[in-house]
Amino acid sequence: MQGDPVALKSALARAGTWQARPPLHYARYHHGKIIEWITPGAAWAVTGSANCTRAALMRAADSGGNCELALLAPIGASLVEAIADDPIDLDYVEYVSPAPESEQTPPLLVLGIRAHGSWVEVNVLVHRGATPQLVEVGGRSLAHARSSGRVHTYVTEFDAEWFAALSGTARVSWSSGDESGDAEAVVTDVGRAIARVEQPSPLENNAWDRVIGDEALRAALLYALAHLRTVRPEELTSPHASMSRRRLVTDAITMATGPALLRFTLGGAVARPDDRGGEEPGDQADRSLPPPTSRDVDQRQRARLRQFAHRVLDAMDGAAMPAALASARTVLLIIAADVFDEPAEWLALLERSVLLVWTTPTEQALEAEQAALTTIGLVALARGLSAYPEAHPDLRRSFEALRDAGRQQVDHLRGAPDESLRGYAADLTGSAFGYGFPWLDFRDELSWILARSALADAVDRLPAATLRDGVVNVATTTVLARRVLLHALDELRQFPDTRVVVEGVTAMCGWWNGRRLLQVIYKGGRWQAEVWHNLPTGIAAYARGVAQLRRPDRQWTVDDPVLALEQADRRP
C-alpha cells in the first residue's frame, strides 16, 4: 500500500496498537486495500482502491483530491485476520498480537454485492460456525462458488432488471444450521467502478495553464479531444434498465478520456497551477515554478496558441456533442487568454465554435450544456461584433443566421441552468470578451439579443443615430449634411431603401438600394427630390468627399418625402 512510511508509523504509534500484513503470495500486484482500526468502543475498516494518502482520503475531488471508490463500515472483528497472509519483515513495521476475537462478533459479515461482467457475486466473511451453502438477495438464491480463508463468494448470472432493482444497497439473507440472519450490503457495478481510461487527457495531472503553455501537452490535449470523438451517444446502449441516459453518456466520456476532461466538457472549474491532485508522486509535474499565463508569453508562443485553436476546430468536422462542447470551450478559453492581435481572427474562431455546438445533433443527456455554451457564445459574439464595427460582413450574416435559429429555439436556450452558464463563463475574462464578462446576466443578454434586429445593431454602430419605427435618425451640427447622409446610407447598404433622416442645420432624408440614390432636401417650404440611377460603384467615395456626385438624373418637388420614394423609379 502506498503512503508515507514515516508519517504512517508516527500516526500509528500515537494510536497505540497497530499491525500490517501483506496477503499470501504478496509478490502479485494488489490494488485493493484494507485499513482498519479497533478502539475499546468500536472497530472500523476502509476497503477499496484508495491509497493511504492525503489526496486519496482527505481531499474532495473538487478540491484537488482523487475520485476514489472505498467503503467505510463498522466491523465486529479484524478483517485482516480473516485473510490468509504471509507476514514479512518491513523495517518500519512492528507486529503485535491481535486482540482476541470478541464473543459478540456476528457469525457472518456481508462484505458487498457486485456485478462483474456476466455474473453477480456476494462476498461474506464467516467468523465462526458453518459456512452457508446459499445466500438470498432480492428474492434470488446465490450458490457458494469459492473460498479464500474465511471469505466466501456466492454467485449468480447477471440479470439487468433484477440487479437494477437492488438500488444502492440490498439485504442479504442467509441460513446455516441453527443460525440465520440478514444484513444490508452495498451494491456495486465493478465494470463501471474500475473501468480503465482509454486515452487520458493531460488535464488529469496538469493545470489548464500548464497544458496550453506546453507544446507537448497541447498535442496531448488535441489527441484526447480527437479521441473524444469516438464517444458517439447515439451508438450507446445501457447495460441496465435503470441507468439514466446522462449517466450512460458521462460514463462513456470518462472511460474514453478520463474524469478531468469530463468535468471540463460539462463546464467544470478549470484547474489552476496551484491546484493539487493525483495519488502517485510521479503523476504530478514539477510545479515549483508555475508556468507563465498566455498573456505573458512571447510572440512565437502566441502564434502557436492561435494555430492550436484553429487545429482544434479543424479536427471537429462531424463530431458528436461531447467533443463539440470540449473543443468549443477550449477555443473560447484561448480567445480569453488574449493571444490574438486581430479581432477579426478571434471573432471568426468564436463564430465557428458557436456554430459547432449549435449545429451538432442535440444529445438529450447534454441539452443543458449545449444550451449554456451556445448562449455564452452568442452573447460573446454579439458583444464582439458591436465592439468591432469593421468585422467582415460574412461574420454578421452568420450571426444573423444564428440569431434567427435562436429565436426558433428560444425555450431550449432559456432552459440553460445557471450553474452551467456560470461554469462555462467563469474563466472568460480579458480584453476580448471584456473583464466583466463572467458576471453578465446571460439570460437578460440573450433576451435582448434575440429581440433585436440586424438593422438595430447596424444603427448602433453609427454615431448619433437612433432607430424609430424603421426610420434611422442622425443628429448633426455640421453644414455638410449631405455627406453625413451619404455616409449613413453607405453604412446601411446591407438594408436597401432604409430611410435615413438627417436632423441638423439642413433637414434632409434619403434612400439607397445599391443602384439608385434618392435624396430629399427641405427648401422654401417644399421638399425637393433628386434621384441618381445606376451608381454601381456605390456611394462611399461621395460620402468621404473624395468624389463629387454628377448632376441628378431627375429633380422634382413633393409635399411629403415618402411620396418621393414612390415616384423615384418613374422615368420622365
# chains A, B, ... in the order shown; residues from 1 in each chain; ligands from 1

$ residues_around --residues "A:Arg461" --least-positions-apart "3" --cutoff "8 Å" --atoms "only C-alpha atoms" --output "list in words"
Ser386, Pro389, Asp457 and Ala458 of chain A

$ residues_around --residues "A:Ala50" --least-positions-apart "2" --cutoff "7 Å" --atoms "only C-alpha atoms" --output "number ranges by chain"
A: 33, 48, 52, 56-57, 68-70

$ write_last_selection --atoms "C-alpha atoms" --output "mmCIF file, in the first residue's frame"
data_model
loop_
_atom_site.group_PDB
_atom_site.id
_atom_site.type_symbol
_atom_site.label_atom_id
_atom_site.label_comp_id
_atom_site.auth_asym_id
_atom_site.auth_seq_id
_atom_site.Cartn_x
_atom_site.Cartn_y
_atom_site.Cartn_z
ATOM 1 C CA LYS A 33 -6.563 -2.099 0.370
ATOM 2 C CA GLY A 48 -11.317 -0.169 -1.678
ATOM 3 C CA CYS A 52 -3.164 5.919 2.371
ATOM 4 C CA ALA A 56 -6.973 9.869 -1.579
ATOM 5 C CA LEU A 57 -8.526 10.063 1.887
ATOM 6 C CA GLU A 68 -11.849 7.089 -5.128
ATOM 7 C CA LEU A 69 -14.088 4.082 -4.569
ATOM 8 C CA ALA A 70 -13.947 2.988 -0.930
#

$ residues_around --residues "A:Ile38" --least-positions-apart "2" --cutoff "9 Å" --atoms "only C-alpha atoms" --output "PyMOL selection string"
chain A and resi 17+36+40-45+75+77-78+99

$ write_last_selection --atoms "N, CA and C atoms" --output "PDB file, in the first residue's frame"
ATOM      1  N   THR A  17      -1.869   0.510  19.428  1.00  0.00           N
ATOM      2  CA  THR A  17      -1.690  -0.800  18.818  1.00  0.00           C
ATOM      3  C   THR A  17      -1.884  -0.708  17.309  1.00  0.00           C
ATOM      4  N   GLU A  36      -7.826  -0.672   8.799  1.00  0.00           N
ATOM      5  CA  GLU A  36      -8.781  -0.864   9.882  1.00  0.00           C
ATOM      6  C   GLU A  36      -8.207  -0.350  11.194  1.00  0.00           C
ATOM      7  N   PRO A  40     -11.503   0.664  22.060  1.00  0.00           N
ATOM      8  CA  PRO A  40     -12.288  -0.047  23.079  1.00  0.00           C
ATOM      9  C   PRO A  40     -13.787  -0.052  22.795  1.00  0.00           C
ATOM     10  N   GLY A  41     -14.277   0.942  22.068  1.00  0.00           N
ATOM     11  CA  GLY A  41     -15.717   1.004  21.866  1.00  0.00           C
ATOM     12  C   GLY A  41     -16.207   0.567  20.495  1.00  0.00           C
ATOM     13  N   ALA A  42     -15.354   0.487  19.495  1.00  0.00           N
ATOM     14  CA  ALA A  42     -15.816   0.184  18.136  1.00  0.00           C
ATOM     15  C   ALA A  42     -14.641  -0.263  17.281  1.00  0.00           C
ATOM     16  N   ALA A  43     -14.983  -0.856  16.142  1.00  0.00           N
ATOM     17  CA  ALA A  43     -13.977  -1.266  15.162  1.00  0.00           C
ATOM     18  C   ALA A  43     -14.465  -0.834  13.785  1.00  0.00           C
ATOM     19  N   TRP A  44     -13.560  -0.311  12.975  1.00  0.00           N
ATOM     20  CA  TRP A  44     -13.922   0.224  11.660  1.00  0.00           C
ATOM     21  C   TRP A  44     -12.917  -0.251  10.618  1.00  0.00           C
ATOM     22  N   ALA A  45     -13.380  -0.276   9.360  1.00  0.00           N
ATOM     23  CA  ALA A  45     -12.485  -0.638   8.260  1.00  0.00           C
ATOM     24  C   ALA A  45     -12.835   0.182   7.034  1.00  0.00           C
ATOM     25  N   ILE A  75     -17.043  -2.951  11.847  1.00  0.00           N
ATOM     26  CA  ILE A  75     -16.762  -4.388  11.801  1.00  0.00           C
ATOM     27  C   ILE A  75     -16.807  -4.936  13.217  1.00  0.00           C
ATOM     28  N   ALA A  77     -14.920  -7.678  14.110  1.00  0.00           N
ATOM     29  CA  ALA A  77     -13.570  -8.149  14.429  1.00  0.00           C
ATOM     30  C   ALA A  77     -12.673  -7.859  13.248  1.00  0.00           C
ATOM     31  N   SER A  78     -11.417  -8.104  13.402  1.00  0.00           N
ATOM     32  CA  SER A  78     -10.435  -7.758  12.378  1.00  0.00           C
ATOM     33  C   SER A  78     -10.710  -8.490  11.069  1.00  0.00           C
ATOM     34  N   ALA A  99      -5.875  -8.428  18.923  1.00  0.00           N
ATOM     35  CA  ALA A  99      -6.800  -8.539  20.044  1.00  0.00           C
ATOM     36  C   ALA A  99      -7.652  -9.793  19.883  1.00  0.00           C
TER      37      ALA A  99
END

$ select_by_dssp --residues "stretch 93-282 of chain A" --states "alpha helix (DSSP H)" --output "PyMOL selection string"
chain A and resi 160-165+190-193+208-213+215-228+245-257+259-265

$ write_last_selection --atoms "N, CA and C atoms" --output "short mmCIF file (atom, residue, chain, number, x, y, z; two decimals), in the first residue's frame"
data_model
loop_
_atom_site.label_atom_id
_atom_site.label_comp_id
_atom_site.auth_asym_id
_atom_site.auth_seq_id
_atom_site.Cartn_x
_atom_site.Cartn_y
_atom_site.Cartn_z
N ALA A 160 -30.05 -7.84 -15.75
CA ALA A 160 -30.05 -6.37 -15.64
C ALA A 160 -31.23 -5.84 -14.85
N GLU A 161 -32.44 -6.37 -15.10
CA GLU A 161 -33.62 -5.85 -14.42
C GLU A 161 -33.56 -6.14 -12.92
N TRP A 162 -33.17 -7.36 -12.57
CA TRP A 162 -33.06 -7.72 -11.16
C TRP A 162 -31.97 -6.90 -10.46
N PHE A 163 -30.81 -6.76 -11.11
CA PHE A 163 -29.71 -6.03 -10.50
C PHE A 163 -30.06 -4.56 -10.31
N ALA A 164 -30.74 -3.98 -11.31
CA ALA A 164 -31.12 -2.57 -11.20
C ALA A 164 -32.08 -2.35 -10.04
N ALA A 165 -32.94 -3.33 -9.76
CA ALA A 165 -33.91 -3.19 -8.68
C ALA A 165 -33.26 -3.20 -7.30
N VAL A 190 -18.96 -3.30 -10.84
CA VAL A 190 -17.50 -3.26 -10.93
C VAL A 190 -17.04 -2.78 -12.29
N GLY A 191 -17.79 -3.14 -13.34
CA GLY A 191 -17.38 -2.73 -14.68
C GLY A 191 -17.24 -1.23 -14.81
N ARG A 192 -18.17 -0.48 -14.19
CA ARG A 192 -18.05 0.98 -14.23
C ARG A 192 -17.05 1.49 -13.21
N ALA A 193 -17.01 0.80 -12.07
CA ALA A 193 -16.16 1.30 -10.98
C ALA A 193 -14.68 1.23 -11.31
N TRP A 208 -4.71 23.77 -16.30
CA TRP A 208 -5.03 24.25 -17.64
C TRP A 208 -3.92 25.14 -18.20
N ASP A 209 -3.43 26.09 -17.40
CA ASP A 209 -2.40 26.99 -17.89
C ASP A 209 -1.14 26.23 -18.31
N ARG A 210 -0.84 25.16 -17.60
CA ARG A 210 0.34 24.37 -17.96
C ARG A 210 0.11 23.64 -19.28
N VAL A 211 -1.10 23.15 -19.47
CA VAL A 211 -1.40 22.40 -20.70
C VAL A 211 -1.28 23.30 -21.92
N ILE A 212 -1.93 24.47 -21.89
CA ILE A 212 -1.88 25.30 -23.09
C ILE A 212 -0.53 26.00 -23.25
N GLY A 213 0.27 26.03 -22.20
CA GLY A 213 1.58 26.67 -22.28
C GLY A 213 2.70 25.74 -22.70
N GLU A 215 3.97 22.78 -25.42
CA GLU A 215 3.65 22.25 -26.75
C GLU A 215 3.30 20.77 -26.71
N ALA A 216 4.04 19.98 -25.92
CA ALA A 216 3.76 18.55 -25.84
C ALA A 216 2.40 18.29 -25.20
N LEU A 217 2.07 19.05 -24.16
CA LEU A 217 0.77 18.87 -23.51
C LEU A 217 -0.37 19.34 -24.39
N ARG A 218 -0.13 20.38 -25.19
CA ARG A 218 -1.17 20.81 -26.14
C ARG A 218 -1.43 19.71 -27.16
N ALA A 219 -0.36 19.08 -27.63
CA ALA A 219 -0.53 17.98 -28.57
C ALA A 219 -1.30 16.83 -27.93
N ALA A 220 -1.01 16.57 -26.66
CA ALA A 220 -1.74 15.51 -25.95
C ALA A 220 -3.21 15.88 -25.78
N LEU A 221 -3.50 17.16 -25.53
CA LEU A 221 -4.89 17.59 -25.42
C LEU A 221 -5.62 17.45 -26.75
N LEU A 222 -4.95 17.84 -27.82
CA LEU A 222 -5.57 17.70 -29.14
C LEU A 222 -5.85 16.23 -29.44
N TYR A 223 -4.94 15.35 -29.04
CA TYR A 223 -5.14 13.92 -29.25
C TYR A 223 -6.33 13.43 -28.41
N ALA A 224 -6.43 13.91 -27.18
CA ALA A 224 -7.55 13.50 -26.31
C ALA A 224 -8.87 14.00 -26.87
N LEU A 225 -8.89 15.22 -27.40
CA LEU A 225 -10.12 15.75 -27.98
C LEU A 225 -10.52 14.95 -29.21
N ALA A 226 -9.53 14.56 -30.00
CA ALA A 226 -9.82 13.73 -31.17
C ALA A 226 -10.36 12.37 -30.73
N HIS A 227 -9.78 11.81 -29.66
CA HIS A 227 -10.27 10.52 -29.16
C HIS A 227 -11.67 10.65 -28.58
N LEU A 228 -11.99 11.83 -28.04
CA LEU A 228 -13.33 12.05 -27.51
C LEU A 228 -14.38 11.94 -28.61
N ARG A 245 -29.86 8.17 -18.98
CA ARG A 245 -29.16 8.49 -20.22
C ARG A 245 -27.91 9.33 -19.93
N ARG A 246 -28.02 10.26 -19.02
CA ARG A 246 -26.86 11.10 -18.71
C ARG A 246 -25.73 10.27 -18.11
N ARG A 247 -26.07 9.35 -17.20
CA ARG A 247 -25.04 8.51 -16.61
C ARG A 247 -24.35 7.68 -17.69
N LEU A 248 -25.13 7.19 -18.65
CA LEU A 248 -24.56 6.39 -19.73
C LEU A 248 -23.54 7.21 -20.53
N VAL A 249 -23.91 8.44 -20.86
CA VAL A 249 -23.02 9.27 -21.68
C VAL A 249 -21.80 9.72 -20.89
N THR A 250 -22.00 10.17 -19.66
CA THR A 250 -20.85 10.64 -18.87
C THR A 250 -19.90 9.49 -18.54
N ASP A 251 -20.42 8.30 -18.31
CA ASP A 251 -19.54 7.14 -18.09
C ASP A 251 -18.69 6.87 -19.33
N ALA A 252 -19.31 6.99 -20.50
CA ALA A 252 -18.57 6.74 -21.74
C ALA A 252 -17.46 7.78 -21.94
N ILE A 253 -17.74 9.04 -21.60
CA ILE A 253 -16.71 10.08 -21.71
C ILE A 253 -15.57 9.80 -20.75
N THR A 254 -15.92 9.43 -19.51
CA THR A 254 -14.90 9.15 -18.51
C THR A 254 -14.02 7.98 -18.94
N MET A 255 -14.63 6.93 -19.44
CA MET A 255 -13.86 5.76 -19.86
C MET A 255 -12.96 6.07 -21.05
N ALA A 256 -13.39 7.01 -21.90
CA ALA A 256 -12.61 7.34 -23.09
C ALA A 256 -11.43 8.25 -22.79
N THR A 257 -11.65 9.29 -21.98
CA THR A 257 -10.61 10.31 -21.81
C THR A 257 -10.36 10.71 -20.37
N PRO A 259 -11.88 11.47 -16.07
CA PRO A 259 -12.82 12.36 -15.39
C PRO A 259 -12.49 13.85 -15.52
N ALA A 260 -11.21 14.18 -15.69
CA ALA A 260 -10.86 15.61 -15.79
C ALA A 260 -11.44 16.23 -17.05
N LEU A 261 -11.32 15.55 -18.18
CA LEU A 261 -11.88 16.09 -19.41
C LEU A 261 -13.41 16.05 -19.38
N LEU A 262 -13.99 15.09 -18.65
CA LEU A 262 -15.44 15.10 -18.47
C LEU A 262 -15.86 16.37 -17.74
N ARG A 263 -15.21 16.70 -16.63
CA ARG A 263 -15.56 17.93 -15.90
C ARG A 263 -15.39 19.16 -16.79
N PHE A 264 -14.32 19.18 -17.56
CA PHE A 264 -14.06 20.29 -18.47
C PHE A 264 -15.18 20.40 -19.50
N THR A 265 -15.59 19.27 -20.07
CA THR A 265 -16.64 19.25 -21.08
C THR A 265 -17.95 19.77 -20.54
#

$ residues_around --residues "A:Tyr388" --least-positions-apart "6" --cutoff "10 Å" --atoms "only C-alpha atoms" --output "list in words"
Pro343, Ala344, Leu347 and Arg461 of chain A

$ residues_around --residues "A:Gly268" --least-positions-apart "4" --cutoff "12 Å" --atoms "only C-alpha atoms" --output "list in words"
Ala61, Asp62, Pro259, Ala260, Leu261, Leu262, Arg263, Phe264, Leu325, Ala326, Arg329, Glu369, Glu419, Ser420, Leu421, Arg422, Gly423, Tyr424, Ala425, Ala426 and Asp427 of chain A

$ atom_distance --atom1 "atom CA of A:Arg59" --atom2 "atom CA of A:Asn206"
17.2 Å

$ atom_distance --atom1 "atom CA of A:Val379" --atom2 "atom CA of A:Arg229"
26.7 Å
